[in-house]
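Engineer: Have a look at this one.
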Amino acid sequence: MKKFYIEPLPNCDVSKLSGKLFVLEGADGSGRSTQITRLKTWLEEQGYAVVNVGIRRSQLVGPELDKAREGNILGPTTMSLFYATDFMDQLENIMIPALRAGFIVVADRYFYTLMARDIIRGANLEWVQYVYGVSIVPDAVFYLKVSPKKLIERRWQKADAMDYWESGMDLGLSRDWVNSFMIYQKRLDDVFMNLQKMYGFNIINGNKSIKSITKDLIERISPVLS
């Protein structure tokens with residue numbers, strides 16, 4: 001039966017949530033989007049109805065959050081609560097209804113990424129845990145672990161520009177965007193390794209081929225579905 005991390009979301013009977021929640025975590029360029037697409041296709045071929053969710057997809061604040069990111073003007077706490085609102089809106093209005101209907105929910109990152117970002121920017125761990133305490137415990141969480149060097153290579157293949165926030169430029173780590181990206185992603189990975197001890201992530205070697213990673217994911221998800 002499903003459960004919440006700290007306290008239940010009001011008016012949510014977990015005994016009626018028959019679906020499964022799978023989460024893929026990983027840095028920008030780790031291959032999450034590719035794997036989620038492949039995983040969704042595989043699940044649907046097995047006869048499951050699948051719903052995808054992800055950061056900044058809330059109909060309530062998603063567009064406003066994108067605008068706030070472009071302006072680079074929000075402080076760490078304000079940005080943190082902005083992301084929390086985005087997450088909670090999707091949790092209450094997309095994830096829970098889908099789980100209640102028996103769907104498979106595949107999340108392109110969960111609140112763990114938001115926690116890691118907040119911690120790097122000075123947030124208190126207990127405070128962040130409390131903010132997301134009404135979150136549902138996923139059936140499985142997979143962290144695609146990719147070396148910073150590999151991430152930067154994939155980033156340049158994907159686009160010819162760096163993302164301000166994913167590069168940690170707001171932290172003043174370096175004036176050079178590439179160097180800042182490398183430092184920031186290394187710090188993120190360190191935080192995730194600590195979170196893994198707390199939340200029991202499944203670590204997937206994201207440096208491998210696309211097919212090999214998909215095979216690893218399917219092998220670990222199949223027993224949960226059974």
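Ordering of the structure tokens sets the chain letters (A, B, ...), residue numbers begin anew at 1 in every chain, and ligands are numbered from 1 in the order given.
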Show me, as CSV, the residues of stretch 76-189 of chain A having an atom within 10 Å of stretch 12-33 of chain A, each with the closest atom pair and its distance in Å, using only C-alpha atoms.
Structural biologist:
residue,atom,partner,partner_atom,distance
A:Glu92,CA,A:Cys12,CA,9.1
A:Met95,CA,A:Leu21,CA,8.3
A:Ile96,CA,A:Leu17,CA,7.3
A:Pro97,CA,A:Leu17,CA,8.3
A:Ala98,CA,A:Gly19,CA,7.2
A:Leu99,CA,A:Gly19,CA,4.2
A:Arg100,CA,A:Leu17,CA,4.2
A:Ala101,CA,A:Gly19,CA,6.9
A:Gly102,CA,A:Gly19,CA,3.9
A:Phe103,CA,A:Gly19,CA,4.9
A:Ile104,CA,A:Lys20,CA,4.8
A:Val105,CA,A:Leu21,CA,4.8
A:Val106,CA,A:Phe22,CA,5.0
A:Ala107,CA,A:Val23,CA,4.7
A:Asp108,CA,A:Leu24,CA,5.5
A:Arg109,CA,A:Glu25,CA,4.7
A:Tyr110,CA,A:Val23,CA,6.5
A:Phe111,CA,A:Glu25,CA,9.5
A:Tyr112,CA,A:Glu25,CA,7.8
A:Thr113,CA,A:Glu25,CA,7.1
A:Ile136,CA,A:Leu21,CA,8.7
A:Val137,CA,A:Leu21,CA,8.2
A:Pro138,CA,A:Leu21,CA,5.0
A:Asp139,CA,A:Leu21,CA,5.3
A:Ala140,CA,A:Phe22,CA,5.1
A:Val141,CA,A:Val23,CA,4.7
A:Phe142,CA,A:Leu24,CA,4.9
A:Tyr143,CA,A:Glu25,CA,4.6
A:Leu144,CA,A:Gly26,CA,4.9
A:Lys145,CA,A:Gly26,CA,6.5
A:Val146,CA,A:Ser30,CA,6.0
A:Ser147,CA,A:Ser30,CA,8.9
A:Pro148,CA,A:Ala27,CA,9.1
A:Lys150,CA,A:Gly29,CA,8.3
A:Leu151,CA,A:Gly29,CA,5.3
A:Ile152,CA,A:Gly29,CA,7.6
A:Glu153,CA,A:Gly29,CA,8.5
A:Arg154,CA,A:Gly29,CA,5.6
A:Arg155,CA,A:Gly29,CA,5.7
A:Trp156,CA,A:Gly29,CA,9.3
A:Gln157,CA,A:Gly29,CA,9.4
A:Lys158,CA,A:Gly29,CA,8.0
A:Asp163,CA,A:Asp28,CA,9.3
A:Glu166,CA,A:Asp28,CA,7.0
A:Ser167,CA,A:Asp28,CA,9.4
A:Gln185,CA,A:Ala27,CA,7.1
A:Lys186,CA,A:Ala27,CA,9.9
A:Leu188,CA,A:Ala27,CA,8.0
A:Asp189,CA,A:Ala27,CA,8.1
Engineer: Need to verify the contact set: A:Leu173, 8 Å, only C-alpha atoms, exclusion of same-chain residues closer than 3 positions in sequence. Can you return it as an MDAnalysis selection string?
Structural biologist: chainID A and resid 168:169 180 183:184
Engineer: Please produce a file of the residues just selected, as a PDB file, in the first residue's frame, where the atoms kept are C-alpha atoms.
Structural biologist:
ATOM      1  CA  GLY A 168      25.012  27.086 -10.962  1.00  0.00           C
ATOM      2  CA  MET A 169      25.847  30.585 -12.192  1.00  0.00           C
ATOM      3  CA  SER A 180      30.757  26.526 -13.122  1.00  0.00           C
ATOM      4  CA  ILE A 183      31.613  22.322 -10.191  1.00  0.00           C
ATOM      5  CA  TYR A 184      27.865  22.603  -9.708  1.00  0.00           C
TER       6      TYR A 184
END
Engineer: Would you mind writing down, as a PyMOL selection string, each residue of stretch 2-215 of chain A that DSSP on the backbone assigns to helix (DSSP H, G or I)?
Structural biologist: chain A and resi 14-16+32-45+62-71+76-100+111-120+125-131+148-158+169-171+177-199+210-215
Engineer: Set the distance at 6 Å and use only C-alpha atoms: which residues neighbour stretch 120-135 of chain A once local chain neighbours fewer than 5 positions away are removed? I'd like the list as a compact mmCIF listing (two decimals) with N, CA and C atoms, in the first residue's frame.
Structural biologist:
# COMPACT_ATOMS: atom_id res chain seq x y z
N PHE A 4 2.87 8.06 2.67
CA PHE A 4 3.49 9.37 2.55
C PHE A 4 4.75 9.41 3.39
N TYR A 5 5.62 10.34 3.08
CA TYR A 5 6.89 10.40 3.80
C TYR A 5 6.73 10.81 5.26
N ILE A 6 6.03 11.92 5.52
CA ILE A 6 5.90 12.40 6.89
C ILE A 6 4.45 12.39 7.35
N GLU A 7 3.59 13.04 6.60
CA GLU A 7 2.17 13.08 6.97
C GLU A 7 1.33 13.00 5.71
N PRO A 8 0.12 12.46 5.81
CA PRO A 8 -0.71 12.28 4.62
C PRO A 8 -1.27 13.58 4.06
N LEU A 9 -1.43 13.60 2.77
CA LEU A 9 -2.09 14.71 2.11
C LEU A 9 -3.56 14.67 2.52
Engineer: Extract the full set of strand (DSSP E) residues from stretch 122-222 of chain A according to DSSP on the backbone, and format it as a ChimeraX atom specification.
Structural biologist: /A:140-145,202-205
Engineer: Now that the selection is made, can you save its residues with C-alpha atoms as an mmCIF file, in the first residue's frame?
Structural biologist:
data_model
loop_
_atom_site.group_PDB
_atom_site.id
_atom_site.type_symbol
_atom_site.label_atom_id
_atom_site.label_comp_id
_atom_site.auth_asym_id
_atom_site.auth_seq_id
_atom_site.Cartn_x
_atom_site.Cartn_y
_atom_site.Cartn_z
ATOM 1 C CA ALA A 140 11.023 2.810 -7.227
ATOM 2 C CA VAL A 141 13.498 5.656 -7.753
ATOM 3 C CA PHE A 142 16.352 5.472 -10.252
ATOM 4 C CA TYR A 143 19.278 7.875 -10.295
ATOM 5 C CA LEU A 144 21.175 8.059 -13.587
ATOM 6 C CA LYS A 145 24.728 8.687 -12.441
ATOM 7 C CA ASN A 202 18.602 2.633 -7.298
ATOM 8 C CA ILE A 203 21.861 3.828 -8.865
ATOM 9 C CA ILE A 204 22.059 3.304 -12.634
ATOM 10 C CA ASN A 205 25.298 3.761 -14.570
#
Engineer: Give me the residues within 12 Å of A:Asp170 as a ChimeraX atom specification, counting only C-alpha atoms and dropping any in the same chain fewer than 6 places off.
Structural biologist: /A:69,71-76,79,117,120-121,163-164,177,180-181,184
